[in-house]
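Participant: Here's a structure for you.
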Amino acid sequence: MIDKIYKIQSNCIRTIAFKLNLSELSITEIKKQYNISSLSNKRNYNDCLFLYNLLNVTANCPELLSLIDIRVPPVNTTHNTLFHIVPGRRNCVIHSPINIISHYSNEHLSDFDFFFNDSYKLNKLLFVH
């Protein structure tokens, strides 16, 4: 399914490039020239923004908020992951949206403070990756 969506995006970019007489450029060059993000980057951005809104009660959903496991280390360590990833043997647990968002946030946003930073800094960090 994801491959089909990527193909739709590529076909759309090719069509626009043809209409703008840019057909000699590759899709990668067109994306770079017109600052078009990949679909996975857009998905990660929206996931992290949703997590930020959940934690800062901009999106009021206590049921989802209760599913997020915040890791509190017993002692001060250099391991600065904020979210606990729930281990599981089944794909439905491993690939649950909360686990995916938490894992991505731990990997790419370890320097971001979800509770004290504003969403502007989150936008800057996410557009760098």
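So you can find residues: chains in the structure tokens are A, B, ... in the order shown, residues in each start at 1, and ligands are numbered from 1 in order.
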Residues of segment 21-46 of chain A that approach segment 80-98 of chain A to 12 Å or less, counting only C-alpha atoms: could you list each one with the shortest pair of atoms and its distance in Å to one decimal, rows by chain and increasing residue number, as JSON lines?
Facilitator:
{"residue": "A:Arg43", "atom": "CA", "partner": "A:Pro97", "partner_atom": "CA", "distance": 11.4}
{"residue": "A:Asn44", "atom": "CA", "partner": "A:Pro97", "partner_atom": "CA", "distance": 11.0}
{"residue": "A:Asn46", "atom": "CA", "partner": "A:Pro97", "partner_atom": "CA", "distance": 12.0}
Participant: Select from segment 63-112 of chain A every residue with an atom at most 12 Å from any atom of segment 121-124 of chain A, then for each give the shortest pair of atoms and their distance in Å to one decimal, using only C-alpha atoms, rows by chain and rising number, as CSV.
Facilitator:
residue,atom,partner,partner_atom,distance
A:Ser105,CA,A:Leu122,CA,10.8
A:His108,CA,A:Leu122,CA,11.0
A:Leu109,CA,A:Leu122,CA,8.5
A:Ser110,CA,A:Leu122,CA,11.3
A:Asp111,CA,A:Leu122,CA,10.2
A:Phe112,CA,A:Leu122,CA,7.2
Participant: To one decimal place in Å, what is the distance between atom CA of Cys61 of chain A and atom CA of Pro74 of chain A?
Facilitator: 28.3 Å
Participant: As a PDB file with N, CA, C and O atoms, in the first residue's frame, list the residues of chain A assigned to alpha helix (DSSP H) by DSSP on the backbone atoms of this structure.
Facilitator:
ATOM      1  N   ILE A   2       1.925   1.241   0.809  1.00  0.00           N
ATOM      2  CA  ILE A   2       2.789   2.419   0.881  1.00  0.00           C
ATOM      3  C   ILE A   2       3.490   2.649  -0.454  1.00  0.00           C
ATOM      4  O   ILE A   2       3.626   3.793  -0.896  1.00  0.00           O
ATOM      5  N   ASP A   3       3.897   1.564  -1.111  1.00  0.00           N
ATOM      6  CA  ASP A   3       4.542   1.703  -2.416  1.00  0.00           C
ATOM      7  C   ASP A   3       3.609   2.349  -3.429  1.00  0.00           C
ATOM      8  O   ASP A   3       4.035   3.151  -4.259  1.00  0.00           O
ATOM      9  N   LYS A   4       2.331   2.010  -3.365  1.00  0.00           N
ATOM     10  CA  LYS A   4       1.359   2.614  -4.282  1.00  0.00           C
ATOM     11  C   LYS A   4       1.248   4.116  -4.041  1.00  0.00           C
ATOM     12  O   LYS A   4       1.154   4.896  -4.989  1.00  0.00           O
ATOM     13  N   ILE A   5       1.275   4.508  -2.786  1.00  0.00           N
ATOM     14  CA  ILE A   5       1.179   5.941  -2.463  1.00  0.00           C
ATOM     15  C   ILE A   5       2.429   6.669  -2.951  1.00  0.00           C
ATOM     16  O   ILE A   5       2.343   7.765  -3.502  1.00  0.00           O
ATOM     17  N   TYR A   6       3.611   6.056  -2.781  1.00  0.00           N
ATOM     18  CA  TYR A   6       4.834   6.672  -3.284  1.00  0.00           C
ATOM     19  C   TYR A   6       4.789   6.802  -4.811  1.00  0.00           C
ATOM     20  O   TYR A   6       5.252   7.790  -5.372  1.00  0.00           O
ATOM     21  N   LYS A   7       4.238   5.792  -5.478  1.00  0.00           N
ATOM     22  CA  LYS A   7       4.127   5.862  -6.937  1.00  0.00           C
ATOM     23  C   LYS A   7       3.183   6.976  -7.369  1.00  0.00           C
ATOM     24  O   LYS A   7       3.429   7.665  -8.359  1.00  0.00           O
ATOM     25  N   ILE A   8       2.105   7.166  -6.609  1.00  0.00           N
ATOM     26  CA  ILE A   8       1.177   8.255  -6.920  1.00  0.00           C
ATOM     27  C   ILE A   8       1.884   9.596  -6.775  1.00  0.00           C
ATOM     28  O   ILE A   8       1.743  10.484  -7.628  1.00  0.00           O
ATOM     29  N   GLN A   9       2.664   9.759  -5.691  1.00  0.00           N
ATOM     30  CA  GLN A   9       3.398  11.005  -5.505  1.00  0.00           C
ATOM     31  C   GLN A   9       4.396  11.215  -6.638  1.00  0.00           C
ATOM     32  O   GLN A   9       4.509  12.318  -7.180  1.00  0.00           O
ATOM     33  N   SER A  10       5.108  10.164  -7.034  1.00  0.00           N
ATOM     34  CA  SER A  10       6.092  10.280  -8.113  1.00  0.00           C
ATOM     35  C   SER A  10       5.421  10.624  -9.435  1.00  0.00           C
ATOM     36  O   SER A  10       5.918  11.467 -10.196  1.00  0.00           O
ATOM     37  N   ASN A  11       4.289   9.984  -9.720  1.00  0.00           N
ATOM     38  CA  ASN A  11       3.573  10.292 -10.954  1.00  0.00           C
ATOM     39  C   ASN A  11       3.077  11.732 -10.968  1.00  0.00           C
ATOM     40  O   ASN A  11       3.117  12.411 -11.998  1.00  0.00           O
ATOM     41  N   CYS A  12       2.623  12.207  -9.836  1.00  0.00           N
ATOM     42  CA  CYS A  12       2.165  13.590  -9.729  1.00  0.00           C
ATOM     43  C   CYS A  12       3.321  14.550  -9.971  1.00  0.00           C
ATOM     44  O   CYS A  12       3.179  15.537 -10.715  1.00  0.00           O
ATOM     45  N   ILE A  13       4.474  14.259  -9.398  1.00  0.00           N
ATOM     46  CA  ILE A  13       5.646  15.118  -9.598  1.00  0.00           C
ATOM     47  C   ILE A  13       6.083  15.086 -11.057  1.00  0.00           C
ATOM     48  O   ILE A  13       6.424  16.124 -11.640  1.00  0.00           O
ATOM     49  N   ARG A  14       6.049  13.911 -11.688  1.00  0.00           N
ATOM     50  CA  ARG A  14       6.407  13.814 -13.108  1.00  0.00           C
ATOM     51  C   ARG A  14       5.456  14.632 -13.975  1.00  0.00           C
ATOM     52  O   ARG A  14       5.875  15.300 -14.919  1.00  0.00           O
ATOM     53  N   THR A  15       4.157  14.558 -13.665  1.00  0.00           N
ATOM     54  CA  THR A  15       3.160  15.300 -14.437  1.00  0.00           C
ATOM     55  C   THR A  15       3.376  16.803 -14.309  1.00  0.00           C
ATOM     56  O   THR A  15       3.351  17.535 -15.300  1.00  0.00           O
ATOM     57  N   ILE A  16       3.608  17.259 -13.093  1.00  0.00           N
ATOM     58  CA  ILE A  16       3.861  18.691 -12.869  1.00  0.00           C
ATOM     59  C   ILE A  16       5.157  19.112 -13.561  1.00  0.00           C
ATOM     60  O   ILE A  16       5.228  20.181 -14.172  1.00  0.00           O
ATOM     61  N   ALA A  17       6.182  18.262 -13.501  1.00  0.00           N
ATOM     62  CA  ALA A  17       7.453  18.567 -14.148  1.00  0.00           C
ATOM     63  C   ALA A  17       7.279  18.671 -15.657  1.00  0.00           C
ATOM     64  O   ALA A  17       7.855  19.551 -16.308  1.00  0.00           O
ATOM     65  N   PHE A  18       6.462  17.801 -16.225  1.00  0.00           N
ATOM     66  CA  PHE A  18       6.204  17.847 -17.663  1.00  0.00           C
ATOM     67  C   PHE A  18       5.510  19.152 -18.039  1.00  0.00           C
ATOM     68  O   PHE A  18       5.865  19.806 -19.018  1.00  0.00           O
ATOM     69  N   LYS A  19       4.514  19.551 -17.245  1.00  0.00           N
ATOM     70  CA  LYS A  19       3.769  20.789 -17.533  1.00  0.00           C
ATOM     71  C   LYS A  19       4.632  22.031 -17.348  1.00  0.00           C
ATOM     72  O   LYS A  19       4.389  23.059 -17.964  1.00  0.00           O
ATOM     73  N   ILE A  27      13.231  13.003 -10.431  1.00  0.00           N
ATOM     74  CA  ILE A  27      12.259  13.266  -9.378  1.00  0.00           C
ATOM     75  C   ILE A  27      12.966  13.787  -8.120  1.00  0.00           C
ATOM     76  O   ILE A  27      12.484  14.702  -7.460  1.00  0.00           O
ATOM     77  N   THR A  28      14.114  13.216  -7.810  1.00  0.00           N
ATOM     78  CA  THR A  28      14.884  13.655  -6.636  1.00  0.00           C
ATOM     79  C   THR A  28      15.300  15.120  -6.775  1.00  0.00           C
ATOM     80  O   THR A  28      15.204  15.891  -5.820  1.00  0.00           O
ATOM     81  N   GLU A  29      15.744  15.506  -7.958  1.00  0.00           N
ATOM     82  CA  GLU A  29      16.150  16.895  -8.183  1.00  0.00           C
ATOM     83  C   GLU A  29      14.965  17.846  -8.080  1.00  0.00           C
ATOM     84  O   GLU A  29      15.080  18.948  -7.541  1.00  0.00           O
ATOM     85  N   ILE A  30      13.816  17.424  -8.597  1.00  0.00           N
ATOM     86  CA  ILE A  30      12.612  18.262  -8.535  1.00  0.00           C
ATOM     87  C   ILE A  30      12.162  18.422  -7.086  1.00  0.00           C
ATOM     88  O   ILE A  30      11.815  19.528  -6.651  1.00  0.00           O
ATOM     89  N   LYS A  31      12.184  17.318  -6.318  1.00  0.00           N
ATOM     90  CA  LYS A  31      11.815  17.398  -4.897  1.00  0.00           C
ATOM     91  C   LYS A  31      12.731  18.361  -4.157  1.00  0.00           C
ATOM     92  O   LYS A  31      12.283  19.147  -3.330  1.00  0.00           O
ATOM     93  N   LYS A  32      14.018  18.288  -4.473  1.00  0.00           N
ATOM     94  CA  LYS A  32      14.978  19.155  -3.801  1.00  0.00           C
ATOM     95  C   LYS A  32      14.778  20.611  -4.220  1.00  0.00           C
ATOM     96  O   LYS A  32      14.796  21.514  -3.384  1.00  0.00           O
ATOM     97  N   GLN A  33      14.579  20.844  -5.506  1.00  0.00           N
ATOM     98  CA  GLN A  33      14.433  22.205  -6.018  1.00  0.00           C
ATOM     99  C   GLN A  33      13.182  22.889  -5.468  1.00  0.00           C
ATOM    100  O   GLN A  33      13.205  24.064  -5.142  1.00  0.00           O
ATOM    101  N   LEU A  39       7.097  11.366   1.769  1.00  0.00           N
ATOM    102  CA  LEU A  39       5.902  11.025   2.539  1.00  0.00           C
ATOM    103  C   LEU A  39       6.256  10.503   3.924  1.00  0.00           C
ATOM    104  O   LEU A  39       5.549  10.768   4.894  1.00  0.00           O
ATOM    105  N   SER A  40       7.362   9.779   4.041  1.00  0.00           N
ATOM    106  CA  SER A  40       7.760   9.278   5.359  1.00  0.00           C
ATOM    107  C   SER A  40       8.167  10.429   6.279  1.00  0.00           C
ATOM    108  O   SER A  40       7.870  10.407   7.475  1.00  0.00           O
ATOM    109  N   ASN A  41       8.833  11.460   5.729  1.00  0.00           N
ATOM    110  CA  ASN A  41       9.175  12.629   6.552  1.00  0.00           C
ATOM    111  C   ASN A  41       7.922  13.353   7.017  1.00  0.00           C
ATOM    112  O   ASN A  41       7.843  13.798   8.164  1.00  0.00           O
ATOM    113  N   LYS A  42       6.947  13.468   6.140  1.00  0.00           N
ATOM    114  CA  LYS A  42       5.692  14.127   6.519  1.00  0.00           C
ATOM    115  C   LYS A  42       4.964  13.331   7.593  1.00  0.00           C
ATOM    116  O   LYS A  42       4.414  13.895   8.536  1.00  0.00           O
ATOM    117  N   ARG A  43       4.996  12.003   7.454  1.00  0.00           N
ATOM    118  CA  ARG A  43       4.340  11.150   8.445  1.00  0.00           C
ATOM    119  C   ARG A  43       5.031  11.271   9.803  1.00  0.00           C
ATOM    120  O   ARG A  43       4.376  11.423  10.838  1.00  0.00           O
ATOM    121  N   ASN A  44       6.355  11.233   9.811  1.00  0.00           N
ATOM    122  CA  ASN A  44       7.101  11.374  11.066  1.00  0.00           C
ATOM    123  C   ASN A  44       6.860  12.741  11.701  1.00  0.00           C
ATOM    124  O   ASN A  44       6.712  12.851  12.917  1.00  0.00           O
ATOM    125  N   TYR A  45       6.825  13.776  10.882  1.00  0.00           N
ATOM    126  CA  TYR A  45       6.558  15.114  11.392  1.00  0.00           C
ATOM    127  C   TYR A  45       5.180  15.170  12.060  1.00  0.00           C
ATOM    128  O   TYR A  45       5.041  15.654  13.183  1.00  0.00           O
ATOM    129  N   ASN A  46       4.169  14.673  11.374  1.00  0.00           N
ATOM    130  CA  ASN A  46       2.812  14.710  11.940  1.00  0.00           C
ATOM    131  C   ASN A  46       2.690  13.840  13.180  1.00  0.00           C
ATOM    132  O   ASN A  46       1.989  14.202  14.129  1.00  0.00           O
ATOM    133  N   ASP A  47       3.376  12.702  13.193  1.00  0.00           N
ATOM    134  CA  ASP A  47       3.351  11.839  14.383  1.00  0.00           C
ATOM    135  C   ASP A  47       3.957  12.549  15.591  1.00  0.00           C
ATOM    136  O   ASP A  47       3.385  12.532  16.687  1.00  0.00           O
ATOM    137  N   CYS A  48       5.110  13.177  15.396  1.00  0.00           N
ATOM    138  CA  CYS A  48       5.775  13.859  16.517  1.00  0.00           C
ATOM    139  C   CYS A  48       5.000  15.088  16.965  1.00  0.00           C
ATOM    140  O   CYS A  48       4.932  15.377  18.164  1.00  0.00           O
ATOM    141  N   LEU A  49       4.402  15.790  16.028  1.00  0.00           N
ATOM    142  CA  LEU A  49       3.584  16.941  16.400  1.00  0.00           C
ATOM    143  C   LEU A  49       2.355  16.493  17.183  1.00  0.00           C
ATOM    144  O   LEU A  49       1.959  17.127  18.157  1.00  0.00           O
ATOM    145  N   PHE A  50       1.774  15.364  16.795  1.00  0.00           N
ATOM    146  CA  PHE A  50       0.632  14.819  17.527  1.00  0.00           C
ATOM    147  C   PHE A  50       1.050  14.421  18.949  1.00  0.00           C
ATOM    148  O   PHE A  50       0.345  14.708  19.913  1.00  0.00           O
ATOM    149  N   LEU A  51       2.205  13.779  19.081  1.00  0.00           N
ATOM    150  CA  LEU A  51       2.713  13.407  20.400  1.00  0.00           C
ATOM    151  C   LEU A  51       2.954  14.651  21.254  1.00  0.00           C
ATOM    152  O   LEU A  51       2.594  14.678  22.431  1.00  0.00           O
ATOM    153  N   TYR A  52       3.534  15.676  20.665  1.00  0.00           N
ATOM    154  CA  TYR A  52       3.763  16.933  21.384  1.00  0.00           C
ATOM    155  C   TYR A  52       2.425  17.515  21.863  1.00  0.00           C
ATOM    156  O   TYR A  52       2.300  17.947  23.011  1.00  0.00           O
ATOM    157  N   ASN A  53       1.428  17.520  20.990  1.00  0.00           N
ATOM    158  CA  ASN A  53       0.117  18.061  21.360  1.00  0.00           C
ATOM    159  C   ASN A  53      -0.554  17.221  22.435  1.00  0.00           C
ATOM    160  O   ASN A  53      -1.231  17.757  23.312  1.00  0.00           O
ATOM    161  N   LEU A  54      -0.366  15.918  22.395  1.00  0.00           N
ATOM    162  CA  LEU A  54      -0.925  15.056  23.444  1.00  0.00           C
ATOM    163  C   LEU A  54      -0.286  15.352  24.797  1.00  0.00           C
ATOM    164  O   LEU A  54      -0.981  15.489  25.807  1.00  0.00           O
ATOM    165  N   LEU A  55       1.030  15.457  24.812  1.00  0.00           N
ATOM    166  CA  LEU A  55       1.744  15.673  26.073  1.00  0.00           C
ATOM    167  C   LEU A  55       1.498  17.057  26.658  1.00  0.00           C
ATOM    168  O   LEU A  55       1.565  17.241  27.860  1.00  0.00           O
ATOM    169  N   PRO A  62      -7.381  11.738  26.965  1.00  0.00           N
ATOM    170  CA  PRO A  62      -6.770  11.011  28.075  1.00  0.00           C
ATOM    171  C   PRO A  62      -6.539   9.525  27.785  1.00  0.00           C
ATOM    172  O   PRO A  62      -5.600   8.935  28.312  1.00  0.00           O
ATOM    173  N   GLU A  63      -7.382   8.945  26.937  1.00  0.00           N
ATOM    174  CA  GLU A  63      -7.213   7.517  26.618  1.00  0.00           C
ATOM    175  C   GLU A  63      -5.894   7.273  25.902  1.00  0.00           C
ATOM    176  O   GLU A  63      -5.168   6.322  26.210  1.00  0.00           O
ATOM    177  N   LEU A  64      -5.561   8.124  24.936  1.00  0.00           N
ATOM    178  CA  LEU A  64      -4.285   7.973  24.236  1.00  0.00           C
ATOM    179  C   LEU A  64      -3.105   8.372  25.120  1.00  0.00           C
ATOM    180  O   LEU A  64      -2.061   7.742  25.086  1.00  0.00           O
ATOM    181  N   LEU A  65      -3.293   9.403  25.900  1.00  0.00           N
ATOM    182  CA  LEU A  65      -2.229   9.855  26.792  1.00  0.00           C
ATOM    183  C   LEU A  65      -1.846   8.770  27.792  1.00  0.00           C
ATOM    184  O   LEU A  65      -0.673   8.607  28.140  1.00  0.00           O
ATOM    185  N   ASN A  91       3.285  -8.497  16.117  1.00  0.00           N
ATOM    186  CA  ASN A  91       3.422  -7.316  15.280  1.00  0.00           C
ATOM    187  C   ASN A  91       2.479  -6.203  15.694  1.00  0.00           C
ATOM    188  O   ASN A  91       2.805  -5.028  15.556  1.00  0.00           O
ATOM    189  N   CYS A  92       1.303  -6.565  16.196  1.00  0.00           N
ATOM    190  CA  CYS A  92       0.344  -5.524  16.574  1.00  0.00           C
ATOM    191  C   CYS A  92       0.853  -4.704  17.752  1.00  0.00           C
ATOM    192  O   CYS A  92       0.500  -3.536  17.896  1.00  0.00           O
ATOM    193  N   VAL A  93       1.718  -5.262  18.577  1.00  0.00           N
ATOM    194  CA  VAL A  93       2.303  -4.510  19.687  1.00  0.00           C
ATOM    195  C   VAL A  93       3.532  -3.745  19.211  1.00  0.00           C
ATOM    196  O   VAL A  93       3.689  -2.555  19.481  1.00  0.00           O
ATOM    197  N   ILE A  94       4.399  -4.421  18.471  1.00  0.00           N
ATOM    198  CA  ILE A  94       5.640  -3.813  17.998  1.00  0.00           C
ATOM    199  C   ILE A  94       5.359  -2.637  17.066  1.00  0.00           C
ATOM    200  O   ILE A  94       5.996  -1.596  17.150  1.00  0.00           O
ATOM    201  N   PRO A  97       0.941   2.339  16.737  1.00  0.00           N
ATOM    202  CA  PRO A  97       1.291   3.739  16.484  1.00  0.00           C
ATOM    203  C   PRO A  97       2.024   4.406  17.646  1.00  0.00           C
ATOM    204  O   PRO A  97       2.984   5.154  17.423  1.00  0.00           O
ATOM    205  N   ILE A  98       1.624   4.112  18.876  1.00  0.00           N
ATOM    206  CA  ILE A  98       2.291   4.730  20.028  1.00  0.00           C
ATOM    207  C   ILE A  98       3.745   4.274  20.108  1.00  0.00           C
ATOM    208  O   ILE A  98       4.652   5.072  20.368  1.00  0.00           O
ATOM    209  N   ASN A  99       4.010   2.986  19.886  1.00  0.00           N
ATOM    210  CA  ASN A  99       5.386   2.487  19.907  1.00  0.00           C
ATOM    211  C   ASN A  99       6.222   3.103  18.787  1.00  0.00           C
ATOM    212  O   ASN A  99       7.384   3.452  18.991  1.00  0.00           O
ATOM    213  N   ILE A 100       5.637   3.235  17.609  1.00  0.00           N
ATOM    214  CA  ILE A 100       6.370   3.800  16.474  1.00  0.00           C
ATOM    215  C   ILE A 100       6.729   5.258  16.745  1.00  0.00           C
ATOM    216  O   ILE A 100       7.867   5.689  16.544  1.00  0.00           O
ATOM    217  N   ILE A 101       5.761   6.018  17.229  1.00  0.00           N
ATOM    218  CA  ILE A 101       6.007   7.433  17.524  1.00  0.00           C
ATOM    219  C   ILE A 101       7.032   7.579  18.653  1.00  0.00           C
ATOM    220  O   ILE A 101       7.947   8.407  18.579  1.00  0.00           O
ATOM    221  N   SER A 102       6.894   6.769  19.686  1.00  0.00           N
ATOM    222  CA  SER A 102       7.828   6.839  20.814  1.00  0.00           C
ATOM    223  C   SER A 102       9.242   6.481  20.374  1.00  0.00           C
ATOM    224  O   SER A 102      10.219   7.140  20.757  1.00  0.00           O
ATOM    225  N   HIS A 103       9.364   5.441  19.573  1.00  0.00           N
ATOM    226  CA  HIS A 103      10.676   5.019  19.089  1.00  0.00           C
ATOM    227  C   HIS A 103      11.317   6.108  18.221  1.00  0.00           C
ATOM    228  O   HIS A 103      12.502   6.441  18.395  1.00  0.00           O
ATOM    229  N   TYR A 104      10.557   6.670  17.304  1.00  0.00           N
ATOM    230  CA  TYR A 104      11.088   7.729  16.449  1.00  0.00           C
ATOM    231  C   TYR A 104      11.525   8.932  17.279  1.00  0.00           C
ATOM    232  O   TYR A 104      12.585   9.519  17.044  1.00  0.00           O
ATOM    233  N   SER A 105      10.722   9.295  18.265  1.00  0.00           N
ATOM    234  CA  SER A 105      11.053  10.430  19.132  1.00  0.00           C
ATOM    235  C   SER A 105      12.317  10.166  19.936  1.00  0.00           C
ATOM    236  O   SER A 105      13.152  11.063  20.107  1.00  0.00           O
ATOM    237  N   ASN A 106      12.474   8.947  20.446  1.00  0.00           N
ATOM    238  CA  ASN A 106      13.692   8.600  21.184  1.00  0.00           C
ATOM    239  C   ASN A 106      14.921   8.674  20.289  1.00  0.00           C
ATOM    240  O   ASN A 106      15.989   9.120  20.715  1.00  0.00           O
ATOM    241  N   GLU A 107      14.781   8.217  19.053  1.00  0.00           N
ATOM    242  CA  GLU A 107      15.919   8.162  18.133  1.00  0.00           C
ATOM    243  C   GLU A 107      16.319   9.542  17.604  1.00  0.00           C
ATOM    244  O   GLU A 107      17.495   9.860  17.527  1.00  0.00           O
ATOM    245  N   HIS A 108      15.344  10.354  17.227  1.00  0.00           N
ATOM    246  CA  HIS A 108      15.643  11.583  16.498  1.00  0.00           C
ATOM    247  C   HIS A 108      15.431  12.869  17.297  1.00  0.00           C
ATOM    248  O   HIS A 108      15.881  13.920  16.873  1.00  0.00           O
ATOM    249  N   SER A 119       6.488  24.406  20.148  1.00  0.00           N
ATOM    250  CA  SER A 119       6.364  23.641  18.905  1.00  0.00           C
ATOM    251  C   SER A 119       7.238  24.227  17.796  1.00  0.00           C
ATOM    252  O   SER A 119       7.590  23.522  16.851  1.00  0.00           O
ATOM    253  N   TYR A 120       7.622  25.492  17.900  1.00  0.00           N
ATOM    254  CA  TYR A 120       8.504  26.098  16.901  1.00  0.00           C
ATOM    255  C   TYR A 120       9.846  25.371  16.858  1.00  0.00           C
ATOM    256  O   TYR A 120      10.375  25.071  15.794  1.00  0.00           O
ATOM    257  N   LYS A 121      10.404  25.074  18.036  1.00  0.00           N
ATOM    258  CA  LYS A 121      11.677  24.346  18.090  1.00  0.00           C
ATOM    259  C   LYS A 121      11.505  22.924  17.555  1.00  0.00           C
ATOM    260  O   LYS A 121      12.384  22.392  16.883  1.00  0.00           O
ATOM    261  N   LEU A 122      10.362  22.315  17.823  1.00  0.00           N
ATOM    262  CA  LEU A 122      10.076  20.987  17.281  1.00  0.00           C
ATOM    263  C   LEU A 122      10.050  21.027  15.758  1.00  0.00           C
ATOM    264  O   LEU A 122      10.621  20.155  15.099  1.00  0.00           O
ATOM    265  N   ASN A 123       9.423  22.039  15.194  1.00  0.00           N
ATOM    266  CA  ASN A 123       9.391  22.184  13.730  1.00  0.00           C
ATOM    267  C   ASN A 123      10.792  22.306  13.163  1.00  0.00           C
ATOM    268  O   ASN A 123      11.110  21.677  12.144  1.00  0.00           O
ATOM    269  N   LYS A 124      11.639  23.098  13.813  1.00  0.00           N
ATOM    270  CA  LYS A 124      13.017  23.258  13.322  1.00  0.00           C
ATOM    271  C   LYS A 124      13.778  21.936  13.375  1.00  0.00           C
ATOM    272  O   LYS A 124      14.485  21.578  12.442  1.00  0.00           O
ATOM    273  N   LEU A 125      13.623  21.188  14.472  1.00  0.00           N
ATOM    274  CA  LEU A 125      14.318  19.909  14.590  1.00  0.00           C
ATOM    275  C   LEU A 125      13.834  18.886  13.569  1.00  0.00           C
ATOM    276  O   LEU A 125      14.618  18.144  13.004  1.00  0.00           O
ATOM    277  N   LEU A 126      12.546  18.844  13.350  1.00  0.00           N
ATOM    278  CA  LEU A 126      11.991  17.839  12.449  1.00  0.00           C
ATOM    279  C   LEU A 126      12.311  18.125  10.994  1.00  0.00           C
ATOM    280  O   LEU A 126      12.458  17.211  10.206  1.00  0.00           O
ATOM    281  N   PHE A 127      12.445  19.383  10.636  1.00  0.00           N
ATOM    282  CA  PHE A 127      12.763  19.688   9.242  1.00  0.00           C
ATOM    283  C   PHE A 127      14.232  19.508   8.933  1.00  0.00           C
ATOM    284  O   PHE A 127      14.631  19.487   7.788  1.00  0.00           O
ATOM    285  N   VAL A 128      15.063  19.340   9.965  1.00  0.00           N
ATOM    286  CA  VAL A 128      16.475  19.059   9.752  1.00  0.00           C
ATOM    287  C   VAL A 128      16.663  17.601   9.356  1.00  0.00           C
ATOM    288  O   VAL A 128      17.467  17.267   8.525  1.00  0.00           O
TER     289      VAL A 128
END
Participant: When you draw a straight line from atom CA of Ala59 of chain A to atom CA of Phe115 of chain A, how long is it in Å?
Facilitator: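 For atom CA of Ala59 of chain A relative to atom CA of Phe115 of chain A, the distance reads 14.1 Å.
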